[in-house]
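The file start-v6.csv comes next; it holds CSV, C-alpha atoms and all ligand atoms.
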chain,number,residue,atom,x,y,z
Y,55,MET,CA,25.6,-14.4,-36.4
Y,56,SER,CA,26.6,-12.4,-39.5
Y,57,LYS,CA,27.6,-8.7,-39.5
Y,58,LEU,CA,24.0,-7.4,-39.6
Y,59,SER,CA,23.7,-5.2,-36.6
Y,60,LEU,CA,20.9,-5.2,-34.1
Y,61,ALA,CA,21.6,-1.7,-33.0
Y,62,VAL,CA,18.8,0.8,-32.7
Y,63,GLU,CA,18.5,4.4,-31.7
Y,64,VAL,CA,15.7,5.3,-29.2
Y,65,ALA,CA,15.2,8.9,-28.3
Y,66,GLY,CA,18.9,9.7,-29.0
Y,67,LEU,CA,20.1,6.7,-27.0
Y,68,ARG,CA,22.1,4.2,-29.2
Y,69,LEU,CA,21.6,0.6,-28.1
Y,70,ARG,CA,23.6,-2.3,-29.4
Y,71,SER,CA,20.4,-4.5,-29.2
Y,72,PRO,CA,16.8,-3.4,-29.0
Y,73,LEU,CA,16.3,-5.5,-25.8
Y,74,MET,CA,16.3,-4.2,-22.2
Y,75,ASN,CA,14.9,-5.6,-19.0
Y,76,ALA,CA,11.6,-4.4,-17.7
Y,77,ALA,CA,11.8,-2.2,-14.5
Y,78,GLY,CA,11.5,-4.1,-11.3
Y,79,VAL,CA,11.8,-7.7,-12.2
Y,80,LEU,CA,15.4,-8.0,-11.2
Y,81,GLY,CA,15.6,-5.3,-8.7
Y,82,MET,CA,18.4,-2.7,-8.8
Y,83,SER,CA,21.6,-4.4,-7.6
Y,84,PRO,CA,24.5,-3.5,-10.0
Y,85,PRO,CA,25.9,-7.1,-10.3
Y,86,ILE,CA,22.5,-8.5,-11.4
Y,87,LEU,CA,21.8,-5.7,-13.9
Y,88,LYS,CA,25.4,-6.2,-15.2
Y,89,ARG,CA,24.4,-9.9,-15.9
Y,90,VAL,CA,21.4,-8.6,-17.9
Y,91,TYR,CA,23.8,-6.5,-20.0
Y,92,ASP,CA,26.3,-9.3,-20.4
Y,93,SER,CA,23.5,-11.6,-21.5
Y,94,GLY,CA,22.8,-9.4,-24.6
Y,95,ALA,CA,20.6,-6.5,-23.5
Y,96,GLY,CA,21.3,-3.0,-25.0
Y,97,ALA,CA,20.7,-1.2,-21.7
Y,98,VAL,CA,19.4,-2.0,-18.3
Y,99,VAL,CA,16.4,-0.5,-16.5
Y,100,THR,CA,16.5,-0.2,-12.7
Y,101,LYS,CA,13.6,-0.9,-10.3
Y,102,SER,CA,11.7,2.3,-9.8
Y,103,VAL,CA,13.3,4.6,-7.3
Y,104,GLY,CA,11.4,7.4,-5.3
Y,105,PRO,CA,12.3,10.4,-3.2
Y,106,VAL,CA,12.8,8.6,0.1
Y,107,PRO,CA,13.5,5.0,1.2
Y,108,ARG,CA,10.4,2.8,1.2
Y,109,THR,CA,9.8,-0.7,2.5
Y,110,GLY,CA,6.9,-1.6,0.2
Y,111,HIS,CA,4.0,-3.9,0.9
Y,112,PRO,CA,4.1,-6.9,3.3
Y,113,ASN,CA,4.4,-10.4,1.9
Y,114,PRO,CA,3.1,-12.2,0.0
Y,115,THR,CA,4.0,-9.8,-2.8
Y,116,LEU,CA,4.4,-12.2,-5.7
Y,117,VAL,CA,2.3,-15.1,-7.0
Y,118,ARG,CA,2.8,-17.1,-10.2
Y,119,THR,CA,-0.3,-17.5,-12.4
Y,120,SER,CA,-0.8,-20.0,-15.2
Y,121,CYS,CA,0.5,-17.6,-17.9
Y,122,GLY,CA,2.5,-15.1,-15.9
Y,123,ALA,CA,3.0,-13.5,-12.5
Y,124,LEU,CA,1.1,-11.1,-10.3
Y,125,ASN,CA,3.1,-8.8,-8.1
Y,126,ALA,CA,2.4,-6.1,-5.5
Y,127,MET,CA,5.8,-5.0,-4.2
Y,128,GLY,CA,4.6,-1.6,-3.3
Y,129,LEU,CA,7.6,0.2,-4.9
Y,130,PRO,CA,10.2,-0.8,-2.3
Y,131,ASN,CA,13.4,1.1,-2.9
Y,132,PRO,CA,16.3,2.8,-1.0
Y,133,GLY,CA,15.6,6.3,-2.2
Y,134,ALA,CA,17.2,8.3,-5.0
Y,135,GLU,CA,20.1,9.7,-3.0
Y,136,TYR,CA,21.3,6.2,-2.0
Y,137,PHE,CA,20.6,4.9,-5.4
Y,138,ALA,CA,22.8,7.5,-7.1
Y,139,ASP,CA,25.9,5.4,-6.0
Y,140,GLU,CA,24.5,2.3,-7.6
Y,141,ILE,CA,24.1,4.1,-10.9
Y,142,LYS,CA,27.7,5.2,-10.6
Y,143,ASP,CA,28.8,1.5,-10.0
Y,144,LEU,CA,26.9,0.4,-13.1
Y,145,LYS,CA,28.4,3.2,-15.2
Y,146,GLU,CA,31.9,2.2,-14.1
Y,147,MET,CA,31.1,-1.3,-15.3
Y,148,GLY,CA,30.3,0.2,-18.8
Y,149,VAL,CA,26.6,-0.5,-18.6
Y,150,PRO,CA,24.1,1.9,-20.2
Y,151,VAL,CA,21.5,2.7,-17.5
Y,152,VAL,CA,17.9,3.7,-17.7
Y,153,ALA,CA,16.8,4.8,-14.3
Y,154,SER,CA,13.1,4.2,-13.6
Y,155,PHE,CA,11.6,6.5,-11.0
Y,156,PHE,CA,8.4,7.7,-9.4
Y,157,GLY,CA,7.1,10.4,-7.0
Y,158,GLY,CA,4.0,11.1,-5.1
Y,159,THR,CA,3.7,14.7,-6.3
Y,160,VAL,CA,4.8,16.7,-9.3
Y,161,GLU,CA,7.6,18.2,-7.3
Y,162,GLU,CA,8.8,14.8,-6.1
Y,163,PHE,CA,8.9,13.4,-9.7
Y,164,ALA,CA,11.0,16.4,-10.8
Y,165,GLN,CA,13.3,16.2,-7.8
Y,166,VAL,CA,14.0,12.5,-8.2
Y,167,ALA,CA,14.6,13.0,-11.9
Y,168,GLY,CA,17.2,15.7,-11.1
Y,169,THR,CA,19.0,13.4,-8.6
Y,170,LEU,CA,19.2,10.5,-11.1
Y,171,SER,CA,20.4,12.7,-13.9
Y,172,ASP,CA,23.2,14.1,-11.7
Y,173,ALA,CA,24.1,10.6,-10.8
Y,174,GLY,CA,25.0,9.8,-14.4
Y,175,ALA,CA,22.0,7.8,-15.7
Y,176,ASP,CA,21.9,7.6,-19.6
Y,177,ALA,CA,18.1,7.9,-19.7
Y,178,LEU,CA,15.1,8.1,-17.4
Y,179,GLU,CA,11.9,6.1,-17.4
Y,180,LEU,CA,9.1,7.9,-15.6
Y,181,ASN,CA,6.8,5.3,-14.0
Y,182,ALA,CA,3.4,6.8,-14.5
Y,183,SER,CA,1.7,3.5,-14.0
Y,184,CYS,CA,2.3,1.5,-10.8
Y,185,PRO,CA,-0.9,-0.4,-10.2
Y,186,ASN,CA,-0.2,-0.9,-6.5
Y,187,VAL,CA,0.1,2.4,-4.8
Y,188,GLN,CA,-2.0,5.5,-4.7
Y,189,GLU,CA,0.0,8.7,-4.1
Y,190,GLU,CA,-1.1,12.3,-3.7
Y,191,LEU,CA,-1.5,12.5,-7.4
Y,192,GLY,CA,-4.2,9.8,-7.2
Y,193,MET,CA,-4.4,7.5,-10.1
Y,194,LEU,CA,-1.8,9.3,-12.2
Y,195,ALA,CA,-1.8,6.5,-14.8
Y,196,ALA,CA,-5.4,7.3,-16.0
Y,197,ASP,CA,-5.3,11.1,-15.8
Y,198,ALA,CA,-4.0,12.7,-19.0
Y,199,GLY,CA,-3.8,16.1,-17.4
Y,200,ASN,CA,-1.6,14.9,-14.5
Y,201,VAL,CA,0.6,12.8,-16.9
Y,202,GLU,CA,1.3,15.9,-19.0
Y,203,LYS,CA,2.0,18.0,-15.9
Y,204,VAL,CA,4.4,15.5,-14.3
Y,205,THR,CA,6.1,14.9,-17.6
Y,206,ALA,CA,6.6,18.6,-18.2
Y,207,ALA,CA,8.0,19.2,-14.7
Y,208,VAL,CA,10.5,16.4,-15.2
Y,209,ARG,CA,11.3,17.7,-18.7
Y,210,ASP,CA,12.3,21.0,-17.1
Y,211,GLU,CA,14.6,19.2,-14.8
Y,212,THR,CA,16.6,17.0,-17.1
Y,213,SER,CA,18.0,17.0,-20.7
Y,214,LEU,CA,18.4,13.2,-20.6
Y,215,PRO,CA,16.2,11.0,-22.9
Y,216,LEU,CA,12.9,10.7,-21.1
Y,217,PHE,CA,10.7,7.6,-21.5
Y,218,VAL,CA,7.3,7.7,-19.9
Y,219,LYS,CA,5.9,4.3,-19.0
Y,220,LEU,CA,2.1,4.0,-19.4
Y,221,SER,CA,-0.5,1.8,-17.9
Y,222,PRO,CA,-2.8,-0.5,-19.8
Y,223,ASN,CA,-5.4,0.0,-17.1
Y,224,VAL,CA,-7.0,3.0,-18.8
Y,225,THR,CA,-9.9,3.7,-21.2
Y,226,ASP,CA,-7.9,5.2,-24.0
Y,227,ILE,CA,-4.1,4.8,-23.9
Y,228,LYS,CA,-3.7,7.0,-27.0
Y,229,GLU,CA,-5.0,10.0,-25.0
Y,230,ILE,CA,-2.5,9.4,-22.2
Y,231,ALA,CA,0.4,8.9,-24.7
Y,232,GLU,CA,-0.5,12.2,-26.4
Y,233,ALA,CA,-0.4,13.9,-23.1
Y,234,ALA,CA,3.0,12.5,-22.3
Y,235,GLU,CA,4.3,13.6,-25.7
Y,236,ARG,CA,2.9,17.1,-25.1
Y,237,GLY,CA,4.7,17.2,-21.8
Y,238,GLY,CA,8.0,16.5,-23.5
Y,239,ALA,CA,8.4,12.7,-23.4
Y,240,ASP,CA,11.1,11.5,-25.8
Y,241,ALA,CA,9.7,7.9,-25.9
Y,242,ILE,CA,6.6,6.1,-24.6
Y,243,THR,CA,7.1,2.7,-22.9
Y,244,ALA,CA,3.9,0.7,-23.4
Y,245,VAL,CA,3.0,-0.9,-21.1
Y,246,ASN,CA,3.2,-1.5,-17.4
Y,247,THR,CA,1.3,-4.4,-15.7
Y,248,LEU,CA,-2.4,-5.1,-15.9
Y,249,LYS,CA,-4.2,-5.0,-12.5
Y,250,GLY,CA,-5.3,-8.4,-11.4
Y,251,MET,CA,-5.7,-10.7,-8.4
Y,252,ALA,CA,-5.6,-14.3,-7.2
Y,253,ILE,CA,-7.6,-16.0,-4.4
Y,254,ASP,CA,-6.3,-18.9,-2.2
Y,255,ILE,CA,-9.3,-21.3,-2.1
Y,256,ASP,CA,-8.1,-23.1,1.1
Y,257,PHE,CA,-7.6,-19.9,3.1
Y,258,ARG,CA,-10.5,-18.3,1.2
Y,259,ARG,CA,-8.6,-15.0,1.1
Y,260,PRO,CA,-6.8,-13.0,-1.6
Y,261,VAL,CA,-3.2,-14.4,-2.1
Y,262,LEU,CA,-1.5,-11.0,-2.2
Y,263,ALA,CA,-1.3,-9.0,1.0
Y,264,ASN,CA,-2.2,-6.0,-1.1
Y,265,VAL,CA,-5.2,-7.9,-2.5
Y,266,THR,CA,-4.5,-6.8,-6.1
Y,267,GLY,CA,-1.3,-6.8,-8.1
Y,268,GLY,CA,0.2,-6.2,-11.5
Y,269,LEU,CA,-0.1,-9.1,-14.0
Y,270,SER,CA,2.8,-9.7,-16.3
Y,271,GLY,CA,4.1,-12.4,-18.6
Y,272,PRO,CA,2.6,-14.1,-21.7
Y,273,ALA,CA,-1.0,-13.6,-20.4
Y,274,VAL,CA,-0.7,-9.8,-21.1
Y,275,LYS,CA,1.0,-9.9,-24.5
Y,276,PRO,CA,-2.0,-9.5,-26.8
Y,277,VAL,CA,-3.2,-6.5,-24.6
Y,278,ALA,CA,0.2,-4.9,-24.5
Y,279,LEU,CA,0.8,-5.4,-28.2
Y,280,ARG,CA,-2.5,-3.7,-28.9
Y,281,CYS,CA,-1.4,-0.8,-26.7
Y,282,VAL,CA,1.9,-0.5,-28.7
Y,283,TRP,CA,-0.1,-0.5,-31.9
Y,284,GLU,CA,-2.4,2.2,-30.7
Y,285,VAL,CA,0.4,4.4,-29.2
Y,286,ALA,CA,2.5,4.1,-32.3
Y,287,GLU,CA,-0.4,5.5,-34.3
Y,288,ALA,CA,-1.0,8.3,-31.8
Y,289,VAL,CA,2.4,9.8,-31.3
Y,290,GLU,CA,5.5,10.8,-33.2
Y,291,VAL,CA,8.0,9.7,-30.5
Y,292,PRO,CA,9.4,6.2,-30.5
Y,293,VAL,CA,7.5,3.5,-28.6
Y,294,ILE,CA,9.2,0.9,-26.3
Y,295,GLY,CA,7.3,-2.3,-26.1
Y,296,CYS,CA,6.8,-4.2,-22.8
Y,297,GLY,CA,4.5,-7.0,-21.9
Y,298,GLY,CA,5.0,-10.7,-22.1
Y,299,VAL,CA,7.9,-10.8,-24.6
Y,300,THR,CA,9.3,-14.2,-24.2
Y,301,THR,CA,10.4,-15.5,-27.7
Y,302,TRP,CA,11.9,-13.9,-30.7
Y,303,ARG,CA,8.6,-14.2,-32.4
Y,304,ASP,CA,7.0,-12.0,-29.7
Y,305,ALA,CA,9.8,-9.5,-30.2
Y,306,VAL,CA,9.2,-9.4,-34.0
Y,307,GLU,CA,5.5,-8.9,-33.5
Y,308,TYR,CA,6.2,-5.9,-31.2
Y,309,LEU,CA,8.7,-4.4,-33.7
Y,310,LEU,CA,6.1,-4.8,-36.6
Y,311,ALA,CA,3.5,-3.2,-34.3
Y,312,GLY,CA,5.7,-0.1,-34.0
Y,313,ALA,CA,8.1,-0.7,-31.1
Y,314,SER,CA,11.6,0.6,-31.5
Y,315,ALA,CA,12.9,-1.4,-28.5
Y,316,LEU,CA,11.6,-3.9,-26.1
Y,317,GLU,CA,11.7,-4.6,-22.4
Y,318,LEU,CA,11.6,-8.2,-21.1
Y,319,GLY,CA,10.6,-8.9,-17.6
Y,320,THR,CA,8.8,-12.0,-16.6
Y,321,ALA,CA,10.7,-14.0,-19.3
Y,322,VAL,CA,13.9,-13.6,-17.3
Y,323,MET,CA,12.2,-15.2,-14.3
Y,324,THR,CA,10.8,-18.1,-16.3
Y,325,HIS,CA,13.7,-18.5,-18.9
Y,326,GLY,CA,16.8,-17.1,-17.2
Y,327,PHE,CA,19.3,-14.6,-18.4
Y,328,GLU,CA,19.8,-16.6,-21.6
Y,329,VAL,CA,16.5,-15.3,-22.9
Y,330,TYR,CA,18.3,-12.1,-24.1
Y,331,GLY,CA,20.7,-14.0,-26.3
Y,332,GLN,CA,18.0,-16.3,-27.6
Y,333,VAL,CA,15.7,-13.4,-28.6
Y,334,ASN,CA,18.6,-11.4,-30.1
Y,335,GLU,CA,19.5,-14.4,-32.2
Y,336,GLY,CA,16.0,-15.0,-33.4
Y,337,ILE,CA,15.5,-11.3,-34.4
Y,338,HIS,CA,18.8,-11.5,-36.3
Y,339,ARG,CA,17.7,-14.6,-38.1
Y,340,TYR,CA,14.3,-13.2,-39.0
Y,341,LEU,CA,15.9,-10.0,-40.4
Y,342,GLU,CA,18.4,-12.0,-42.5
Y,343,ASP,CA,15.9,-14.6,-43.7
Y,344,ASN,CA,13.5,-11.8,-44.9
Y,345,GLY,CA,16.1,-9.6,-46.6
Y,346,PHE,CA,16.2,-6.8,-44.1
Y,347,ASN,CA,19.4,-4.9,-43.3
Y,348,SER,CA,18.5,-3.5,-39.9
Y,349,VAL,CA,16.0,-3.6,-37.1
Y,350,LYS,CA,14.8,-0.1,-38.1
Y,351,GLU,CA,13.5,-1.5,-41.4
Y,352,VAL,CA,10.8,-3.6,-39.7
Y,353,ILE,CA,9.6,-1.1,-37.1
Y,354,GLY,CA,5.9,-0.4,-37.6
Y,355,LEU,CA,5.7,-2.4,-40.9
Y,356,ALA,CA,2.5,-4.0,-39.9
Y,357,HIS,CA,0.8,-0.6,-40.1
Y,358,GLN,CA,1.5,-0.6,-43.9
Y,359,THR,CA,-0.8,-2.3,-46.4
Y,360,GLY,CA,0.6,-5.4,-48.2
Y,361,GLU,CA,0.9,-3.2,-51.3
Y,362,GLN,CA,3.0,-0.6,-49.5
Y,363,GLN,CA,5.2,-3.3,-48.1
Y,364,SER,CA,5.8,-5.0,-51.5
Y,365,SER,CA,6.6,-1.8,-53.4
Y,366,LYS,CA,9.2,-1.1,-50.7
Y,367,ALA,CA,10.6,-4.6,-51.2
Y,368,ASP,CA,10.8,-4.0,-55.0
Y,369,ARG,CA,12.6,-0.7,-54.4
Y,370,CYS,CA,15.1,-2.4,-52.1
Y,371,SER,CA,15.8,-5.2,-54.5
Y,372,VAL,CA,16.7,-2.8,-57.3
Y,373,GLY,CA,18.9,-0.8,-54.9
Y,374,VAL,CA,17.0,2.5,-55.1
S,401,LIG,C1,5.0,-2.6,-8.7
S,401,LIG,C2,5.3,-1.5,-9.6
S,401,LIG,C3,4.9,-1.5,-10.9
S,401,LIG,O1,5.2,-0.5,-11.7
S,401,LIG,C4,4.3,-2.7,-11.4
S,401,LIG,O2,4.0,-2.8,-12.7
S,401,LIG,C5,4.0,-3.8,-10.6
S,401,LIG,C6,4.4,-3.7,-9.3
S,401,LIG,C7,5.2,-2.5,-7.3
S,401,LIG,O3,6.4,-2.1,-6.9
S,401,LIG,O4,4.3,-2.8,-6.5
Kindly return the structure encoded in the file as structure tokens.
Ligand code: DHB
Amino acid sequence: MSKLSLAVEVAGLRLRSPLMNAAGVLGMSPPILKRVYDSGAGAVVTKSVGPVPRTGHPNPTLVRTSCGALNAMGLPNPGAEYFADEIKDLKEMGVPVVASFFGGTVEEFAQVAGTLSDAGADALELNASCPNVQEELGMLAADAGNVEKVTAAVRDETSLPLFVKLSPNVTDIKEIAEAAERGGADAITAVNTLKGMAIDIDFRRPVLANVTGGLSGPAVKPVALRCVWEVAEAVEVPVIGCGGVTTWRDAVEYLLAGASALELGTAVMTHGFEVYGQVNEGIHRYLEDNGFNSVKEVIGLAHQTGEQQSSKADRCSVGV
């Protein structure tokens, strides 16, 4: 690759590549997340951590579908206190860490955010959108008032860049994104998994013990891309795209829709760690072949008319 840099800045966080892993897919063990970073990601995102240890749902918790995967892990995690040490391990390895987290109440969200900030995370991703558990806050994902309240409480607790990850399982994602922005989000991650299910026709029962689960992978890409498009039009803060990104073409579509960075999840399960290098290379080639000098130049370009895009191209070519 030539010298053209893939570096982006998201909510004050400088990343050498716009790619991260999506929370959850690879768990939270430092050696595995280090492999994500070594494979070309700009930062790693941990599995969501909560206030206390949690075993999650019984098996089966994961089933492959024709164009993706359905999972209902039930947010298993060792609790924020224990996890603080793992963040320290990752930091010692030189890996930028985005700590994903959740709570059952406004106070729990704030408390966990404080613990993870003290542990040295570089940024936080507030999971406002797990499709598989119902906490005291009820369906947080679909309630703009609660999303604003939780975001504001976390904002009071930390000065780290704060991403708020939204659910596609809502009537109007723009409304929820605006609420997160009002609450003090520095970026919106769009989106978490789509609620779905699978049935075993021999047992004549749902496959997942939790009955329903979160659908991810190529099947969700058009829905997630539409969410990024809408959120990018609704808020001023940067958008992080997530949902079925598998190839560099998917990545470029998301950038053009308005994403400043991307999270790849299911693609790592289906294509291995190499997917980060492959997508980085493809984005690089696309930028070079189309006369762009940085990732930033393509972010949100599809929102401009053809005329706006070509006048910009003219300006660039005469060096203005
Ligand atoms: C789980 C959490 C999520 O945020 C998601 O999208 C899918 C599954 C879980 O742990 O059950």
Write out as a ChimeraX atom specification the residues lying within 8 Å of Thr169 (chain Y), counting all atoms listed in the file and excluding same-chain residues fewer than 6 positions away. /Y:134-135,138
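Every residue within 10 Å of the file position (14.0, 3.6, -32.3), judged by all atoms listed in the file, is given as Ala61, Val62, Glu63, Val64, Ala65, Gly66, Leu67, Arg68, Leu69, Pro72, Ala241, Val291, Pro292, Val293, Ile294, Leu309, Gly312, Ala313, Ser314, Ala315, Val349, Lys350 and Ile353 of chain Y.
With CA of Pro114 (chain Y) on one side and CA of Arg259 (chain Y) on the other, the separation reads 12.1 Å.
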Ligand LIG 401 (chain S): which residues are within 9 Å, counting all atoms listed in the file? Reply as JSON, numbers by chain. {"Y": [77, 78, 79, 101, 102, 110, 111, 115, 124, 125, 126, 127, 128, 129, 130, 131, 181, 182, 183, 184, 185, 186, 187, 219, 221, 245, 246, 247, 248, 249, 267, 268, 269, 270]}
Next, dump the selected residues to file, keeping only C-alpha atoms, as a PDB file, keeping the file's coordinate frame.
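Okay, this is what ended up in out.pdb:
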ATOM      1  CA  ALA Y  77      11.800  -2.200 -14.500  1.00  0.00           C
ATOM      2  CA  GLY Y  78      11.500  -4.100 -11.300  1.00  0.00           C
ATOM      3  CA  VAL Y  79      11.800  -7.700 -12.200  1.00  0.00           C
ATOM      4  CA  LYS Y 101      13.600  -0.900 -10.300  1.00  0.00           C
ATOM      5  CA  SER Y 102      11.700   2.300  -9.800  1.00  0.00           C
ATOM      6  CA  GLY Y 110       6.900  -1.600   0.200  1.00  0.00           C
ATOM      7  CA  HIS Y 111       4.000  -3.900   0.900  1.00  0.00           C
ATOM      8  CA  THR Y 115       4.000  -9.800  -2.800  1.00  0.00           C
ATOM      9  CA  LEU Y 124       1.100 -11.100 -10.300  1.00  0.00           C
ATOM     10  CA  ASN Y 125       3.100  -8.800  -8.100  1.00  0.00           C
ATOM     11  CA  ALA Y 126       2.400  -6.100  -5.500  1.00  0.00           C
ATOM     12  CA  MET Y 127       5.800  -5.000  -4.200  1.00  0.00           C
ATOM     13  CA  GLY Y 128       4.600  -1.600  -3.300  1.00  0.00           C
ATOM     14  CA  LEU Y 129       7.600   0.200  -4.900  1.00  0.00           C
ATOM     15  CA  PRO Y 130      10.200  -0.800  -2.300  1.00  0.00           C
ATOM     16  CA  ASN Y 131      13.400   1.100  -2.900  1.00  0.00           C
ATOM     17  CA  ASN Y 181       6.800   5.300 -14.000  1.00  0.00           C
ATOM     18  CA  ALA Y 182       3.400   6.800 -14.500  1.00  0.00           C
ATOM     19  CA  SER Y 183       1.700   3.500 -14.000  1.00  0.00           C
ATOM     20  CA  CYS Y 184       2.300   1.500 -10.800  1.00  0.00           C
ATOM     21  CA  PRO Y 185      -0.900  -0.400 -10.200  1.00  0.00           C
ATOM     22  CA  ASN Y 186      -0.200  -0.900  -6.500  1.00  0.00           C
ATOM     23  CA  VAL Y 187       0.100   2.400  -4.800  1.00  0.00           C
ATOM     24  CA  LYS Y 219       5.900   4.300 -19.000  1.00  0.00           C
ATOM     25  CA  SER Y 221      -0.500   1.800 -17.900  1.00  0.00           C
ATOM     26  CA  VAL Y 245       3.000  -0.900 -21.100  1.00  0.00           C
ATOM     27  CA  ASN Y 246       3.200  -1.500 -17.400  1.00  0.00           C
ATOM     28  CA  THR Y 247       1.300  -4.400 -15.700  1.00  0.00           C
ATOM     29  CA  LEU Y 248      -2.400  -5.100 -15.900  1.00  0.00           C
ATOM     30  CA  LYS Y 249      -4.200  -5.000 -12.500  1.00  0.00           C
ATOM     31  CA  GLY Y 267      -1.300  -6.800  -8.100  1.00  0.00           C
ATOM     32  CA  GLY Y 268       0.200  -6.200 -11.500  1.00  0.00           C
ATOM     33  CA  LEU Y 269      -0.100  -9.100 -14.000  1.00  0.00           C
ATOM     34  CA  SER Y 270       2.800  -9.700 -16.300  1.00  0.00           C
TER      35      SER Y 270
END
Separation of CA of Glu202 (chain Y) and CA of Gly298 (chain Y), in Å? 27.0 Å
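The smallest atom-to-atom distance between Leu170 (chain Y) and any of Y:Glu211, Y:Met193, Y:Met147, Y:Asp256, using all atoms listed in the file, is found for Y:Glu211.
Note that CA of Leu80 (chain Y) and CA of Pro150 (chain Y) are 16.0 Å apart.
The smallest atom-to-atom distance between Ser171 (chain Y) and any of Y:Ser154, Y:Thr243, Y:Gln363, Y:Thr225, using only C-alpha atoms, is found for Y:Ser154.
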Please check which residues have atoms at most 12 Å from (-4.6, -15.7, -22.0) in the file's coordinates, counting all atoms listed in the file, and write them as a tab-separated table (two decimals) with C-alpha atoms, in the coordinates of the input.
chain	number	residue	atom	x	y	z
Y	119	THR	CA	-0.30	-17.50	-12.40
Y	120	SER	CA	-0.80	-20.00	-15.20
Y	121	CYS	CA	0.50	-17.60	-17.90
Y	122	GLY	CA	2.50	-15.10	-15.90
Y	269	LEU	CA	-0.10	-9.10	-14.00
Y	270	SER	CA	2.80	-9.70	-16.30
Y	271	GLY	CA	4.10	-12.40	-18.60
Y	272	PRO	CA	2.60	-14.10	-21.70
Y	273	ALA	CA	-1.00	-13.60	-20.40
Y	274	VAL	CA	-0.70	-9.80	-21.10
Y	275	LYS	CA	1.00	-9.90	-24.50
Y	276	PRO	CA	-2.00	-9.50	-26.80
Y	277	VAL	CA	-3.20	-6.50	-24.60
Y	298	GLY	CA	5.00	-10.70	-22.10
Please provide the set of residues having any atom within 10 Å of Val322 (chain Y), restricted to all atoms listed in the file, with same-chain residues fewer than 5 positions apart removed, written as a ChimeraX atom specification. /Y:75-76,79-80,90,271,299-300,327-330
Region 256-267 of chain Y from the block above: N, CA, C and O atoms written as a PDB file, in the first residue's frame:
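In the end it all went to selection.pdb:
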ATOM      1  N   ASP Y 256     -37.324 -30.646  13.231  1.00  0.00           N
ATOM      2  CA  ASP Y 256     -37.405 -32.021  13.728  1.00  0.00           C
ATOM      3  C   ASP Y 256     -37.884 -32.050  15.184  1.00  0.00           C
ATOM      4  O   ASP Y 256     -38.744 -32.844  15.557  1.00  0.00           O
ATOM      5  N   PHE Y 257     -37.302 -31.143  15.993  1.00  0.00           N
ATOM      6  CA  PHE Y 257     -37.754 -31.050  17.394  1.00  0.00           C
ATOM      7  C   PHE Y 257     -39.041 -30.232  17.528  1.00  0.00           C
ATOM      8  O   PHE Y 257     -39.695 -30.238  18.552  1.00  0.00           O
ATOM      9  N   ARG Y 258     -39.338 -29.503  16.445  1.00  0.00           N
ATOM     10  CA  ARG Y 258     -40.518 -28.634  16.441  1.00  0.00           C
ATOM     11  C   ARG Y 258     -40.517 -27.652  17.616  1.00  0.00           C
ATOM     12  O   ARG Y 258     -41.519 -27.450  18.299  1.00  0.00           O
ATOM     13  N   ARG Y 259     -39.299 -27.086  17.810  1.00  0.00           N
ATOM     14  CA  ARG Y 259     -39.099 -26.121  18.902  1.00  0.00           C
ATOM     15  C   ARG Y 259     -38.173 -25.007  18.400  1.00  0.00           C
ATOM     16  O   ARG Y 259     -37.364 -25.228  17.496  1.00  0.00           O
ATOM     17  N   PRO Y 260     -38.224 -23.833  19.033  1.00  0.00           N
ATOM     18  CA  PRO Y 260     -37.230 -22.809  18.690  1.00  0.00           C
ATOM     19  C   PRO Y 260     -35.826 -23.339  18.957  1.00  0.00           C
ATOM     20  O   PRO Y 260     -35.615 -24.095  19.912  1.00  0.00           O
ATOM     21  N   VAL Y 261     -34.856 -22.969  18.110  1.00  0.00           N
ATOM     22  CA  VAL Y 261     -33.486 -23.475  18.276  1.00  0.00           C
ATOM     23  C   VAL Y 261     -32.830 -22.866  19.512  1.00  0.00           C
ATOM     24  O   VAL Y 261     -32.196 -23.575  20.294  1.00  0.00           O
ATOM     25  N   LEU Y 262     -32.967 -21.561  19.677  1.00  0.00           N
ATOM     26  CA  LEU Y 262     -32.291 -20.893  20.795  1.00  0.00           C
ATOM     27  C   LEU Y 262     -33.070 -21.116  22.094  1.00  0.00           C
ATOM     28  O   LEU Y 262     -34.304 -21.020  22.104  1.00  0.00           O
ATOM     29  N   ALA Y 263     -32.340 -21.391  23.174  1.00  0.00           N
ATOM     30  CA  ALA Y 263     -33.004 -21.577  24.468  1.00  0.00           C
ATOM     31  C   ALA Y 263     -33.793 -20.327  24.848  1.00  0.00           C
ATOM     32  O   ALA Y 263     -34.842 -20.408  25.476  1.00  0.00           O
ATOM     33  N   ASN Y 264     -33.298 -19.163  24.421  1.00  0.00           N
ATOM     34  CA  ASN Y 264     -33.983 -17.902  24.713  1.00  0.00           C
ATOM     35  C   ASN Y 264     -35.131 -17.617  23.724  1.00  0.00           C
ATOM     36  O   ASN Y 264     -35.761 -16.577  23.800  1.00  0.00           O
ATOM     37  N   VAL Y 265     -35.370 -18.546  22.829  1.00  0.00           N
ATOM     38  CA  VAL Y 265     -36.375 -18.442  21.754  1.00  0.00           C
ATOM     39  C   VAL Y 265     -35.944 -17.430  20.681  1.00  0.00           C
ATOM     40  O   VAL Y 265     -35.783 -17.789  19.523  1.00  0.00           O
ATOM     41  N   THR Y 266     -35.756 -16.168  21.057  1.00  0.00           N
ATOM     42  CA  THR Y 266     -35.331 -15.177  20.069  1.00  0.00           C
ATOM     43  C   THR Y 266     -33.881 -14.785  20.308  1.00  0.00           C
ATOM     44  O   THR Y 266     -33.325 -15.005  21.381  1.00  0.00           O
ATOM     45  N   GLY Y 267     -33.267 -14.208  19.281  1.00  0.00           N
ATOM     46  CA  GLY Y 267     -31.867 -13.789  19.403  1.00  0.00           C
ATOM     47  C   GLY Y 267     -31.591 -12.628  18.472  1.00  0.00           C
ATOM     48  O   GLY Y 267     -32.485 -12.151  17.757  1.00  0.00           O
TER      49      GLY Y 267
END
